[in-house]
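This is structure_32.pdb. It holds PDB, C-alpha atoms.
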```
ATOM      1  CA  MET A  43      65.760  53.326 -14.774  1.00  0.00           C
ATOM      2  CA  TYR A  44      63.964  51.212 -17.385  1.00  0.00           C
ATOM      3  CA  GLY A  45      63.962  48.199 -15.038  1.00  0.00           C
ATOM      4  CA  ILE A  46      62.786  50.226 -12.040  1.00  0.00           C
ATOM      5  CA  VAL A  47      59.853  51.633 -14.012  1.00  0.00           C
ATOM      6  CA  GLY A  48      59.037  48.124 -15.229  1.00  0.00           C
ATOM      7  CA  VAL A  49      58.893  46.843 -11.641  1.00  0.00           C
ATOM      8  CA  PHE A  50      56.643  49.735 -10.671  1.00  0.00           C
ATOM      9  CA  VAL A  51      54.317  49.073 -13.624  1.00  0.00           C
ATOM     10  CA  PHE A  52      54.171  45.365 -12.730  1.00  0.00           C
ATOM     11  CA  LEU A  53      53.281  46.094  -9.087  1.00  0.00           C
ATOM     12  CA  PHE A  54      50.721  48.658 -10.218  1.00  0.00           C
ATOM     13  CA  GLY A  55      49.157  45.957 -12.392  1.00  0.00           C
ATOM     14  CA  VAL A  56      49.121  43.480  -9.515  1.00  0.00           C
ATOM     15  CA  VAL A  57      47.102  45.952  -7.435  1.00  0.00           C
ATOM     16  CA  PHE A  58      44.649  46.351 -10.310  1.00  0.00           C
ATOM     17  CA  GLY A  59      44.476  42.560 -10.530  1.00  0.00           C
ATOM     18  CA  SER A  60      43.330  42.442  -6.915  1.00  0.00           C
ATOM     19  CA  PHE A  61      40.510  44.824  -7.806  1.00  0.00           C
ATOM     20  CA  TYR A  62      39.667  42.751 -10.891  1.00  0.00           C
ATOM     21  CA  ASN A  63      39.126  39.755  -8.615  1.00  0.00           C
ATOM     22  CA  VAL A  64      36.487  41.784  -6.776  1.00  0.00           C
ATOM     23  CA  VAL A  65      34.859  42.702 -10.090  1.00  0.00           C
ATOM     24  CA  ILE A  66      34.886  39.091 -11.320  1.00  0.00           C
ATOM     25  CA  TYR A  67      33.279  37.837  -8.102  1.00  0.00           C
ATOM     26  CA  ARG A  68      30.735  40.576  -7.462  1.00  0.00           C
ATOM     27  CA  ILE A  69      29.266  41.578 -10.821  1.00  0.00           C
ATOM     28  CA  PRO A  70      27.788  38.154 -11.721  1.00  0.00           C
ATOM     29  CA  VAL A  71      25.994  37.959  -8.360  1.00  0.00           C
ATOM     30  CA  GLY A  72      24.722  41.534  -8.502  1.00  0.00           C
ATOM     31  CA  MET A  73      26.907  42.952  -5.727  1.00  0.00           C
ATOM     32  CA  SER A  74      28.232  46.505  -5.789  1.00  0.00           C
ATOM     33  CA  ILE A  75      31.950  46.789  -6.512  1.00  0.00           C
ATOM     34  CA  SER A  76      32.181  50.164  -4.783  1.00  0.00           C
ATOM     35  CA  LYS A  77      30.357  49.393  -1.537  1.00  0.00           C
ATOM     36  CA  GLY A  78      31.101  46.897   1.174  1.00  0.00           C
ATOM     37  CA  ARG A  79      34.476  45.638   2.348  1.00  0.00           C
ATOM     38  CA  SER A  80      36.079  42.448   1.069  1.00  0.00           C
ATOM     39  CA  MET A  81      35.049  39.288   2.906  1.00  0.00           C
ATOM     40  CA  CYS A  82      35.640  35.550   2.864  1.00  0.00           C
ATOM     41  CA  ALA A  83      33.271  33.859   0.427  1.00  0.00           C
ATOM     42  CA  SER A  84      32.825  30.943   2.863  1.00  0.00           C
ATOM     43  CA  CYS A  85      32.441  32.447   6.354  1.00  0.00           C
ATOM     44  CA  ARG A  86      31.623  36.041   5.263  1.00  0.00           C
ATOM     45  CA  HIS A  87      34.168  37.418   7.746  1.00  0.00           C
ATOM     46  CA  THR A  88      35.414  40.887   6.826  1.00  0.00           C
ATOM     47  CA  LEU A  89      39.026  40.718   5.708  1.00  0.00           C
ATOM     48  CA  ARG A  90      41.744  42.888   7.223  1.00  0.00           C
ATOM     49  CA  ALA A  91      44.306  44.857   5.245  1.00  0.00           C
ATOM     50  CA  ALA A  92      46.903  42.158   5.942  1.00  0.00           C
ATOM     51  CA  ASP A  93      44.630  39.625   4.233  1.00  0.00           C
ATOM     52  CA  LEU A  94      44.404  41.679   1.050  1.00  0.00           C
ATOM     53  CA  VAL A  95      48.028  42.136   0.030  1.00  0.00           C
ATOM     54  CA  PRO A  96      48.051  40.891  -3.584  1.00  0.00           C
ATOM     55  CA  ILE A  97      49.692  37.479  -4.094  1.00  0.00           C
ATOM     56  CA  LEU A  98      51.618  37.635  -0.790  1.00  0.00           C
ATOM     57  CA  SER A  99      48.573  37.227   1.468  1.00  0.00           C
ATOM     58  CA  TRP A 100      47.549  34.059  -0.366  1.00  0.00           C
ATOM     59  CA  LEU A 101      51.064  32.647  -0.022  1.00  0.00           C
ATOM     60  CA  PHE A 102      51.430  33.535   3.662  1.00  0.00           C
ATOM     61  CA  LEU A 103      48.007  32.076   4.462  1.00  0.00           C
ATOM     62  CA  ARG A 104      48.832  28.977   2.387  1.00  0.00           C
ATOM     63  CA  GLY A 105      45.717  29.422   0.325  1.00  0.00           C
ATOM     64  CA  LYS A 106      43.316  29.280   3.288  1.00  0.00           C
ATOM     65  CA  CYS A 107      41.058  31.758   5.035  1.00  0.00           C
ATOM     66  CA  ARG A 108      42.610  33.044   8.266  1.00  0.00           C
ATOM     67  CA  TYR A 109      39.262  32.844  10.064  1.00  0.00           C
ATOM     68  CA  CYS A 110      37.521  29.645   8.941  1.00  0.00           C
ATOM     69  CA  GLY A 111      40.291  27.698   7.236  1.00  0.00           C
ATOM     70  CA  ALA A 112      38.357  27.332   3.973  1.00  0.00           C
ATOM     71  CA  LYS A 113      40.490  26.963   0.869  1.00  0.00           C
ATOM     72  CA  ILE A 114      40.950  30.065  -1.258  1.00  0.00           C
ATOM     73  CA  SER A 115      41.097  29.404  -4.974  1.00  0.00           C
ATOM     74  CA  PRO A 116      44.549  29.895  -6.529  1.00  0.00           C
ATOM     75  CA  ARG A 117      42.702  31.795  -9.236  1.00  0.00           C
ATOM     76  CA  TYR A 118      42.964  34.941  -7.110  1.00  0.00           C
ATOM     77  CA  PRO A 119      46.773  35.221  -7.067  1.00  0.00           C
ATOM     78  CA  ILE A 120      46.888  33.970 -10.672  1.00  0.00           C
ATOM     79  CA  VAL A 121      44.639  36.835 -11.834  1.00  0.00           C
ATOM     80  CA  GLU A 122      46.774  39.299  -9.867  1.00  0.00           C
ATOM     81  CA  LEU A 123      50.003  37.908 -11.309  1.00  0.00           C
ATOM     82  CA  LEU A 124      48.642  37.820 -14.861  1.00  0.00           C
ATOM     83  CA  THR A 125      47.422  41.411 -14.598  1.00  0.00           C
ATOM     84  CA  GLY A 126      50.859  42.511 -13.424  1.00  0.00           C
ATOM     85  CA  CYS A 127      52.456  40.679 -16.349  1.00  0.00           C
ATOM     86  CA  LEU A 128      49.993  42.234 -18.829  1.00  0.00           C
ATOM     87  CA  PHE A 129      50.698  45.737 -17.517  1.00  0.00           C
ATOM     88  CA  LEU A 130      54.427  45.073 -17.769  1.00  0.00           C
ATOM     89  CA  LEU A 131      54.048  43.718 -21.301  1.00  0.00           C
ATOM     90  CA  SER A 132      52.072  46.828 -22.230  1.00  0.00           C
ATOM     91  CA  TYR A 133      54.936  48.979 -20.993  1.00  0.00           C
ATOM     92  CA  LEU A 134      57.623  46.904 -22.703  1.00  0.00           C
ATOM     93  CA  THR A 135      55.845  46.945 -26.070  1.00  0.00           C
ATOM     94  CA  GLN A 136      54.365  50.461 -26.012  1.00  0.00           C
ATOM     95  CA  GLY A 137      56.554  52.533 -23.730  1.00  0.00           C
ATOM     96  CA  TYR A 138      54.928  55.602 -22.249  1.00  0.00           C
ATOM     97  CA  GLY A 139      51.798  57.346 -23.471  1.00  0.00           C
ATOM     98  CA  PRO A 140      48.318  56.390 -24.660  1.00  0.00           C
ATOM     99  CA  GLY A 141      49.539  53.080 -26.140  1.00  0.00           C
ATOM    100  CA  LEU A 142      50.447  51.830 -22.673  1.00  0.00           C
ATOM    101  CA  ILE A 143      46.980  52.613 -21.324  1.00  0.00           C
ATOM    102  CA  LEU A 144      45.306  51.246 -24.470  1.00  0.00           C
ATOM    103  CA  PHE A 145      46.902  47.815 -24.237  1.00  0.00           C
ATOM    104  CA  ALA A 146      46.699  47.602 -20.449  1.00  0.00           C
ATOM    105  CA  ALA A 147      42.956  48.375 -20.609  1.00  0.00           C
ATOM    106  CA  PHE A 148      42.284  46.089 -23.585  1.00  0.00           C
ATOM    107  CA  TRP A 149      44.118  43.133 -22.099  1.00  0.00           C
ATOM    108  CA  SER A 150      42.500  43.758 -18.712  1.00  0.00           C
ATOM    109  CA  MET A 151      39.092  43.547 -20.375  1.00  0.00           C
ATOM    110  CA  LEU A 152      40.057  40.285 -22.070  1.00  0.00           C
ATOM    111  CA  LEU A 153      41.304  38.783 -18.795  1.00  0.00           C
ATOM    112  CA  ILE A 154      38.185  39.749 -16.813  1.00  0.00           C
ATOM    113  CA  VAL A 155      35.843  38.492 -19.531  1.00  0.00           C
ATOM    114  CA  THR A 156      37.770  35.213 -19.821  1.00  0.00           C
ATOM    115  CA  VAL A 157      37.529  34.380 -16.123  1.00  0.00           C
ATOM    116  CA  MET A 158      33.956  35.620 -15.732  1.00  0.00           C
ATOM    117  CA  ASP A 159      32.699  33.755 -18.802  1.00  0.00           C
ATOM    118  CA  TYR A 160      34.512  30.562 -17.854  1.00  0.00           C
ATOM    119  CA  ASP A 161      33.097  30.677 -14.327  1.00  0.00           C
ATOM    120  CA  GLY A 162      29.474  31.451 -15.098  1.00  0.00           C
ATOM    121  CA  MET A 163      29.078  31.924 -18.856  1.00  0.00           C
ATOM    122  CA  ILE A 164      28.457  35.621 -18.262  1.00  0.00           C
ATOM    123  CA  ILE A 165      29.875  38.554 -20.226  1.00  0.00           C
ATOM    124  CA  ALA A 166      28.987  41.741 -18.385  1.00  0.00           C
ATOM    125  CA  GLU A 167      28.024  44.663 -20.631  1.00  0.00           C
ATOM    126  CA  SER A 168      29.355  47.103 -18.032  1.00  0.00           C
ATOM    127  CA  ILE A 169      32.854  45.629 -18.323  1.00  0.00           C
ATOM    128  CA  LEU A 170      32.816  45.872 -22.110  1.00  0.00           C
ATOM    129  CA  LEU A 171      31.492  49.436 -22.011  1.00  0.00           C
ATOM    130  CA  ILE A 172      33.973  50.799 -19.470  1.00  0.00           C
ATOM    131  CA  PHE A 173      37.112  49.303 -20.963  1.00  0.00           C
ATOM    132  CA  THR A 174      36.058  49.940 -24.563  1.00  0.00           C
ATOM    133  CA  CYS A 175      35.487  53.620 -23.765  1.00  0.00           C
ATOM    134  CA  ILE A 176      38.976  53.856 -22.232  1.00  0.00           C
ATOM    135  CA  CYS A 177      40.455  52.223 -25.320  1.00  0.00           C
ATOM    136  CA  VAL A 178      38.544  54.514 -27.695  1.00  0.00           C
ATOM    137  CA  VAL A 179      39.866  57.601 -25.890  1.00  0.00           C
ATOM    138  CA  CYS A 180      43.401  56.241 -26.245  1.00  0.00           C
ATOM    139  CA  LEU A 181      42.859  55.521 -29.949  1.00  0.00           C
ATOM    140  CA  LEU A 182      41.655  59.096 -30.460  1.00  0.00           C
ATOM    141  CA  LEU A 183      44.717  60.449 -28.658  1.00  0.00           C
ATOM    142  CA  MET A 184      46.890  58.274 -30.890  1.00  0.00           C
ATOM    143  CA  LYS A 185      45.040  59.731 -33.925  1.00  0.00           C
ATOM    144  CA  ARG A 186      44.100  56.335 -35.327  1.00  0.00           C
ATOM    145  CA  PRO A 187      41.727  56.505 -38.361  1.00  0.00           C
ATOM    146  CA  ALA A 188      38.213  56.273 -36.943  1.00  0.00           C
ATOM    147  CA  ILE A 189      36.682  54.646 -40.035  1.00  0.00           C
ATOM    148  CA  TYR A 190      39.140  51.730 -39.832  1.00  0.00           C
ATOM    149  CA  HIS A 191      38.073  50.924 -36.281  1.00  0.00           C
ATOM    150  CA  LEU A 192      34.387  51.492 -36.957  1.00  0.00           C
ATOM    151  CA  LEU A 193      34.608  49.015 -39.836  1.00  0.00           C
ATOM    152  CA  GLY A 194      36.268  46.546 -37.479  1.00  0.00           C
ATOM    153  CA  CYS A 195      33.390  46.966 -35.036  1.00  0.00           C
ATOM    154  CA  ALA A 196      30.844  46.486 -37.817  1.00  0.00           C
ATOM    155  CA  ALA A 197      32.611  43.360 -39.118  1.00  0.00           C
ATOM    156  CA  GLY A 198      32.885  41.744 -35.704  1.00  0.00           C
ATOM    157  CA  PHE A 199      29.349  42.602 -34.686  1.00  0.00           C
ATOM    158  CA  GLY A 200      27.860  41.669 -38.062  1.00  0.00           C
ATOM    159  CA  VAL A 201      29.473  38.232 -38.374  1.00  0.00           C
ATOM    160  CA  TYR A 202      28.677  37.168 -34.825  1.00  0.00           C
ATOM    161  CA  LEU A 203      25.159  38.569 -35.004  1.00  0.00           C
ATOM    162  CA  ALA A 204      24.571  36.480 -38.139  1.00  0.00           C
ATOM    163  CA  ILE A 205      25.868  33.358 -36.350  1.00  0.00           C
ATOM    164  CA  TYR A 206      23.716  34.182 -33.327  1.00  0.00           C
ATOM    165  CA  LEU A 207      20.552  34.571 -35.413  1.00  0.00           C
ATOM    166  CA  LEU A 208      21.232  31.510 -37.578  1.00  0.00           C
ATOM    167  CA  ALA A 209      21.877  29.349 -34.515  1.00  0.00           C
ATOM    168  CA  ARG A 210      18.632  30.490 -32.915  1.00  0.00           C
ATOM    169  CA  ALA A 211      16.712  29.770 -36.098  1.00  0.00           C
ATOM    170  CA  PHE A 212      18.287  26.341 -36.649  1.00  0.00           C
ATOM    171  CA  TYR A 213      18.600  25.009 -33.074  1.00  0.00           C
ATOM    172  CA  LYS A 214      15.649  26.980 -31.639  1.00  0.00           C
ATOM    173  CA  LYS A 215      17.987  28.306 -28.952  1.00  0.00           C
ATOM    174  CA  GLU A 216      21.078  30.439 -28.625  1.00  0.00           C
ATOM    175  CA  GLY A 217      24.231  28.938 -30.143  1.00  0.00           C
ATOM    176  CA  PHE A 218      26.116  31.965 -28.868  1.00  0.00           C
ATOM    177  CA  GLY A 219      25.084  34.247 -26.083  1.00  0.00           C
ATOM    178  CA  PHE A 220      24.459  37.818 -27.198  1.00  0.00           C
ATOM    179  CA  GLY A 221      27.330  38.779 -24.915  1.00  0.00           C
ATOM    180  CA  ASP A 222      29.650  37.091 -27.432  1.00  0.00           C
ATOM    181  CA  VAL A 223      28.265  39.377 -30.145  1.00  0.00           C
ATOM    182  CA  GLU A 224      28.889  42.455 -27.999  1.00  0.00           C
ATOM    183  CA  LEU A 225      32.366  41.214 -27.082  1.00  0.00           C
ATOM    184  CA  MET A 226      33.306  40.776 -30.738  1.00  0.00           C
ATOM    185  CA  ALA A 227      32.020  44.275 -31.494  1.00  0.00           C
ATOM    186  CA  SER A 228      34.302  45.671 -28.772  1.00  0.00           C
ATOM    187  CA  ILE A 229      37.260  43.639 -29.992  1.00  0.00           C
ATOM    188  CA  GLY A 230      36.662  44.755 -33.578  1.00  0.00           C
ATOM    189  CA  LEU A 231      36.398  48.408 -32.569  1.00  0.00           C
ATOM    190  CA  ILE A 232      39.724  48.268 -30.745  1.00  0.00           C
ATOM    191  CA  LEU A 233      41.672  46.089 -33.190  1.00  0.00           C
ATOM    192  CA  GLY A 234      40.339  47.637 -36.391  1.00  0.00           C
ATOM    193  CA  LEU A 235      39.143  45.943 -39.552  1.00  0.00           C
ATOM    194  CA  ARG A 236      42.029  43.591 -40.282  1.00  0.00           C
ATOM    195  CA  GLY A 237      42.506  42.706 -36.633  1.00  0.00           C
ATOM    196  CA  SER A 238      38.806  42.009 -36.304  1.00  0.00           C
ATOM    197  CA  ILE A 239      38.851  39.598 -39.257  1.00  0.00           C
ATOM    198  CA  GLU A 240      41.933  37.835 -37.901  1.00  0.00           C
ATOM    199  CA  ALA A 241      40.409  37.478 -34.443  1.00  0.00           C
ATOM    200  CA  LEU A 242      37.189  36.139 -35.966  1.00  0.00           C
ATOM    201  CA  TRP A 243      38.705  33.146 -37.713  1.00  0.00           C
ATOM    202  CA  LEU A 244      41.468  32.556 -35.171  1.00  0.00           C
ATOM    203  CA  SER A 245      38.950  32.233 -32.318  1.00  0.00           C
ATOM    204  CA  PHE A 246      37.311  29.259 -34.045  1.00  0.00           C
ATOM    205  CA  TYR A 247      40.655  27.525 -34.596  1.00  0.00           C
ATOM    206  CA  ILE A 248      41.570  28.028 -30.938  1.00  0.00           C
ATOM    207  CA  ALA A 249      38.150  26.716 -29.849  1.00  0.00           C
ATOM    208  CA  VAL A 250      38.581  23.564 -31.949  1.00  0.00           C
ATOM    209  CA  LEU A 251      42.073  23.068 -30.529  1.00  0.00           C
ATOM    210  CA  GLY A 252      40.722  23.521 -27.010  1.00  0.00           C
ATOM    211  CA  LEU A 253      38.006  20.926 -27.583  1.00  0.00           C
ATOM    212  CA  ILE A 254      40.557  18.462 -28.943  1.00  0.00           C
ATOM    213  CA  VAL A 255      42.814  18.951 -25.921  1.00  0.00           C
ATOM    214  CA  MET A 256      39.892  18.475 -23.494  1.00  0.00           C
ATOM    215  CA  LYS A 257      38.802  15.373 -25.400  1.00  0.00           C
ATOM    216  CA  ILE A 258      42.289  13.879 -25.196  1.00  0.00           C
ATOM    217  CA  MET A 259      42.496  14.667 -21.483  1.00  0.00           C
ATOM    218  CA  GLY A 260      39.019  13.230 -20.962  1.00  0.00           C
ATOM    219  CA  LYS A 261      37.661  16.452 -19.524  1.00  0.00           C
ATOM    220  CA  ALA A 262      34.168  17.876 -19.993  1.00  0.00           C
ATOM    221  CA  THR A 263      33.565  21.553 -20.558  1.00  0.00           C
ATOM    222  CA  GLY A 264      32.027  21.907 -17.128  1.00  0.00           C
ATOM    223  CA  HIS A 265      28.741  23.147 -18.588  1.00  0.00           C
ATOM    224  CA  GLY A 266      27.202  20.004 -20.043  1.00  0.00           C
ATOM    225  CA  ILE A 267      26.888  20.310 -23.790  1.00  0.00           C
ATOM    226  CA  GLU A 268      27.410  24.062 -23.540  1.00  0.00           C
ATOM    227  CA  MET A 269      30.736  25.797 -23.243  1.00  0.00           C
ATOM    228  CA  PRO A 270      31.811  29.421 -22.922  1.00  0.00           C
ATOM    229  CA  PHE A 271      33.182  30.773 -26.200  1.00  0.00           C
ATOM    230  CA  GLY A 272      34.310  34.113 -24.786  1.00  0.00           C
ATOM    231  CA  PRO A 273      37.693  32.813 -23.522  1.00  0.00           C
ATOM    232  CA  TYR A 274      38.620  31.628 -27.028  1.00  0.00           C
ATOM    233  CA  MET A 275      37.642  34.987 -28.496  1.00  0.00           C
ATOM    234  CA  CYS A 276      39.725  36.771 -25.873  1.00  0.00           C
ATOM    235  CA  MET A 277      42.734  34.551 -26.489  1.00  0.00           C
ATOM    236  CA  ALA A 278      42.482  35.190 -30.224  1.00  0.00           C
ATOM    237  CA  ALA A 279      42.185  38.954 -29.663  1.00  0.00           C
ATOM    238  CA  PHE A 280      45.213  38.940 -27.373  1.00  0.00           C
ATOM    239  CA  LEU A 281      47.339  37.086 -29.930  1.00  0.00           C
ATOM    240  CA  VAL A 282      46.210  39.368 -32.761  1.00  0.00           C
ATOM    241  CA  SER A 283      47.011  42.483 -30.728  1.00  0.00           C
ATOM    242  CA  LEU A 284      50.571  41.190 -30.296  1.00  0.00           C
ATOM    243  CA  PHE A 285      51.207  39.423 -33.602  1.00  0.00           C
ATOM    244  CA  GLU A 286      48.826  40.978 -36.130  1.00  0.00           C
ATOM    245  CA  GLN A 287      51.223  40.912 -39.083  1.00  0.00           C
ATOM    246  CA  PRO A 288      52.531  37.319 -38.604  1.00  0.00           C
ATOM    247  CA  ILE A 289      48.948  36.091 -38.119  1.00  0.00           C
ATOM    248  CA  TYR A 290      47.878  37.908 -41.278  1.00  0.00           C
ATOM    249  CA  ASP A 291      50.757  36.294 -43.191  1.00  0.00           C
ATOM    250  CA  MET A 292      49.652  32.881 -41.920  1.00  0.00           C
ATOM    251  CA  TYR A 293      46.035  33.676 -42.813  1.00  0.00           C
ATOM    252  CA  ALA A 294      47.028  34.756 -46.315  1.00  0.00           C
ATOM    253  CA  LYS A 295      49.014  31.569 -46.838  1.00  0.00           C
ATOM    254  CA  ILE A 296      46.401  29.138 -45.475  1.00  0.00           C
ATOM    255  CA  ILE A 297      43.134  30.786 -46.495  1.00  0.00           C
ATOM    256  CA  LEU A 298      44.053  32.875 -49.503  1.00  0.00           C
ATOM    257  CA  GLY A 299      46.816  30.620 -50.803  1.00  0.00           C
ATOM    258  CA  LYS A 300      49.301  33.494 -51.144  1.00  0.00           C
TER     259      LYS A 300
END
```

Show me this structure written as structure tokens.
Amino acid sequence: MYGIVGVFVFLFGVVFGSFYNVVIYRIPVGMSISKGRSMCASCRHTLRAADLVPILSWLFLRGKCRYCGAKISPRYPIVELLTGCLFLLSYLTQGYGPGLILFAAFWSMLLIVTVMDYDGMIIAESILLIFTCICVVCLLLMKRPAIYHLLGCAAGFGVYLAIYLLARAFYKKEGFGFGDVELMASIGLILGLRGSIEALWLSFYIAVLGLIVMKIMGKATGHGIEMPFGPYMCMAAFLVSLFEQPIYDMYAKIILGK
């Protein structure tokens, strides 16, 4: 029974992942996510139901549009597969109840923001608002202490706002987009005070590691001297949500010398 439910949760997540692809593509270009049928980005041909089966359609079509033969990015099935895996992981770690919805929604937000920010350096406020509201409802149902999460929101927002303002004053332009400030506020609200602090410092370590890896591989960021920071924040938040205590122990040993 446990395995059957897990399969169902995974497939349910894959379907949501297909919808997330629509969100990721349409919101940055100002298209409605509720109106208009799915179409090929190259030839604009309306897609049939057989073209929209998550993961399988991409495999059967060998990654090409049925109508014009244009290549379809493997990002689409990857997002669908990752969403299914995140839903399954939510179920395996939280079981039934509000915790399942909380983690599925939180990790969905992180995935959407990561892809959207990497593609166009955009963090949509609507995405943060919708998923954060879902998470807050779940936290209330789980009777989590409100002050702890409000302090996490204040810490995340305050630190990143200070960095944002200092960067603008020093460089005469944005060092972070304000979307990063709003993202950290959402992360802090959901993770709470300690989780917010852990995600704050861990995101910078992950960013440095990412830059080192790209330097070794001889790859540019894809945005000139600018690079999206949201994906590193999301990765840090994901790790903290899974391994908060081990990360805190590491933080205490490295930073506090305990």

Within 6 Å of (33.3, 45.4, -33.2) (coordinates as in the file), grab all the protein and nucleic acid residues, counting all atoms listed in the file, and write them out as a PyMOL selection string.
-> chain A and resi 194-196+198-199+226-231

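The two atoms in question, CA of Leu183 (chain A) and CA of Thr135 (chain A), are spaced 17.7 Å apart.
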
Dump as a PyMOL selection string all residues having an atom at most 12 Å from (47.1, 30.1, -7.7), computed in the file's coordinates with only C-alpha atoms.
-> chain A and resi 96-101+104-106+113-124

Go ahead and write the selection's residues with C-alpha atoms as a JSON list (two decimals), in the coordinates of the input.
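Contents of result.json, freshly written:
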```
[["chain", "number", "residue", "atom", "x", "y", "z"],
["A", 96, "PRO", "CA", 48.05, 40.89, -3.58],
["A", 97, "ILE", "CA", 49.69, 37.48, -4.09],
["A", 98, "LEU", "CA", 51.62, 37.64, -0.79],
["A", 99, "SER", "CA", 48.57, 37.23, 1.47],
["A", 100, "TRP", "CA", 47.55, 34.06, -0.37],
["A", 101, "LEU", "CA", 51.06, 32.65, -0.02],
["A", 104, "ARG", "CA", 48.83, 28.98, 2.39],
["A", 105, "GLY", "CA", 45.72, 29.42, 0.32],
["A", 106, "LYS", "CA", 43.32, 29.28, 3.29],
["A", 113, "LYS", "CA", 40.49, 26.96, 0.87],
["A", 114, "ILE", "CA", 40.95, 30.06, -1.26],
["A", 115, "SER", "CA", 41.10, 29.40, -4.97],
["A", 116, "PRO", "CA", 44.55, 29.90, -6.53],
["A", 117, "ARG", "CA", 42.70, 31.80, -9.24],
["A", 118, "TYR", "CA", 42.96, 34.94, -7.11],
["A", 119, "PRO", "CA", 46.77, 35.22, -7.07],
["A", 120, "ILE", "CA", 46.89, 33.97, -10.67],
["A", 121, "VAL", "CA", 44.64, 36.84, -11.83],
["A", 122, "GLU", "CA", 46.77, 39.30, -9.87],
["A", 123, "LEU", "CA", 50.00, 37.91, -11.31],
["A", 124, "LEU", "CA", 48.64, 37.82, -14.86]]
```

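Residue nearest Gly272 (chain A) within the list A:Leu152, A:Cys180, A:Met81, A:Met256: A:Leu152 [criterion: smallest interatomic distance, only C-alpha atoms].
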
Let me know the centre plus edge lengths, in Å and rounded to one decimal, of a box with edges along x, y and z that contains all listed atoms of region 112-128 of chain A and is padded by 4 Å on every side, as AutoDock Vina command-line options.
```
--center_x 45.4 --center_y 34.7 --center_z -7.4 --size_x 22.1 --size_y 23.5 --size_z 30.8
```

What residues come out when you apply the PyMOL selection byres ((chain A and resi 47) around 12) to this file, written as a PyMOL selection string?
-> chain A and resi 43-46+48-54+129-130+133-134+137-138

Which residues match the PyMOL selection byres ((chain A and resi 235-251) around 9) in the file above, as a PyMOL selection string?
-> chain A and resi 190-198+201-202+226-227+229-234+252-256+271+273-283+286+289-290+293

So which residues get picked by the PyMOL selection byres ((chain A and resi 148) around 8) here, written as a PyMOL selection string?
-> chain A and resi 144-147+149-152+173-174+177+232

Straight-line distance linking CA of Tyr206 (chain A) with CA of Cys175 (chain A), stated in Å to one decimal = 24.7 Å

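Distance check against Tyr67 (chain A) using only C-alpha atoms: of A:Val178, A:Tyr109, A:Met158, A:Lys257, the minimum falls on A:Met158.
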
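Rounded to one decimal, CA of Val223 (chain A) and CA of Met184 (chain A) lie 26.5 Å from each other.
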
Shortest interatomic distance to Ile164 (chain A) - which of A:Arg210, A:Leu225, A:Ser80, A:Met73, counting only C-alpha atoms = A:Leu225

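With distances restricted to only C-alpha atoms, A:Ile165 is the closest residue to Glu224 (chain A) from A:Val56, A:Ile165, A:Met292, A:Ile176.
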
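With distances restricted to all atoms listed in the file, A:Ile169 is the closest residue to Ile69 (chain A) from A:Leu182, A:Met259, A:Val57, A:Ile169.
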
Where atoms are lacking, region 69-80 of chain A completed to N, CA and C atoms, as an mmCIF file, keeping the file's coordinate frame:
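File written: out10.cif
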```cif
data_model
loop_
_atom_site.group_PDB
_atom_site.id
_atom_site.type_symbol
_atom_site.label_atom_id
_atom_site.label_comp_id
_atom_site.auth_asym_id
_atom_site.auth_seq_id
_atom_site.Cartn_x
_atom_site.Cartn_y
_atom_site.Cartn_z
ATOM 1 N N ILE A 69 30.197 41.194 -9.756
ATOM 2 C CA ILE A 69 29.266 41.578 -10.821
ATOM 3 C C ILE A 69 28.289 40.453 -11.182
ATOM 4 N N PRO A 70 28.741 39.208 -11.360
ATOM 5 C CA PRO A 70 27.788 38.154 -11.721
ATOM 6 C C PRO A 70 26.702 37.902 -10.683
ATOM 7 N N VAL A 71 26.988 38.201 -9.414
ATOM 8 C CA VAL A 71 25.994 37.959 -8.360
ATOM 9 C C VAL A 71 25.245 39.231 -7.984
ATOM 10 N N GLY A 72 25.466 40.308 -8.725
ATOM 11 C CA GLY A 72 24.722 41.534 -8.502
ATOM 12 C C GLY A 72 25.174 42.370 -7.331
ATOM 13 N N MET A 73 26.391 42.160 -6.844
ATOM 14 C CA MET A 73 26.907 42.952 -5.727
ATOM 15 C C MET A 73 27.599 44.204 -6.241
ATOM 16 N N SER A 74 27.556 45.255 -5.436
ATOM 17 C CA SER A 74 28.232 46.505 -5.789
ATOM 18 C C SER A 74 29.742 46.328 -5.651
ATOM 19 N N ILE A 75 30.489 46.878 -6.602
ATOM 20 C CA ILE A 75 31.950 46.789 -6.512
ATOM 21 C C ILE A 75 32.539 47.986 -5.767
ATOM 22 N N SER A 76 31.695 48.956 -5.453
ATOM 23 C CA SER A 76 32.181 50.164 -4.783
ATOM 24 C C SER A 76 31.769 50.231 -3.314
ATOM 25 N N LYS A 77 30.835 49.374 -2.912
ATOM 26 C CA LYS A 77 30.357 49.393 -1.537
ATOM 27 C C LYS A 77 30.626 48.055 -0.872
ATOM 28 N N GLY A 78 30.888 48.128 0.409
ATOM 29 C CA GLY A 78 31.101 46.897 1.174
ATOM 30 C C GLY A 78 32.552 46.460 1.127
ATOM 31 N N ARG A 79 33.087 46.075 2.264
ATOM 32 C CA ARG A 79 34.476 45.638 2.348
ATOM 33 C C ARG A 79 34.600 44.195 1.884
ATOM 34 N N SER A 80 35.824 43.813 1.524
ATOM 35 C CA SER A 80 36.079 42.448 1.069
ATOM 36 C C SER A 80 35.868 41.476 2.210
#
```
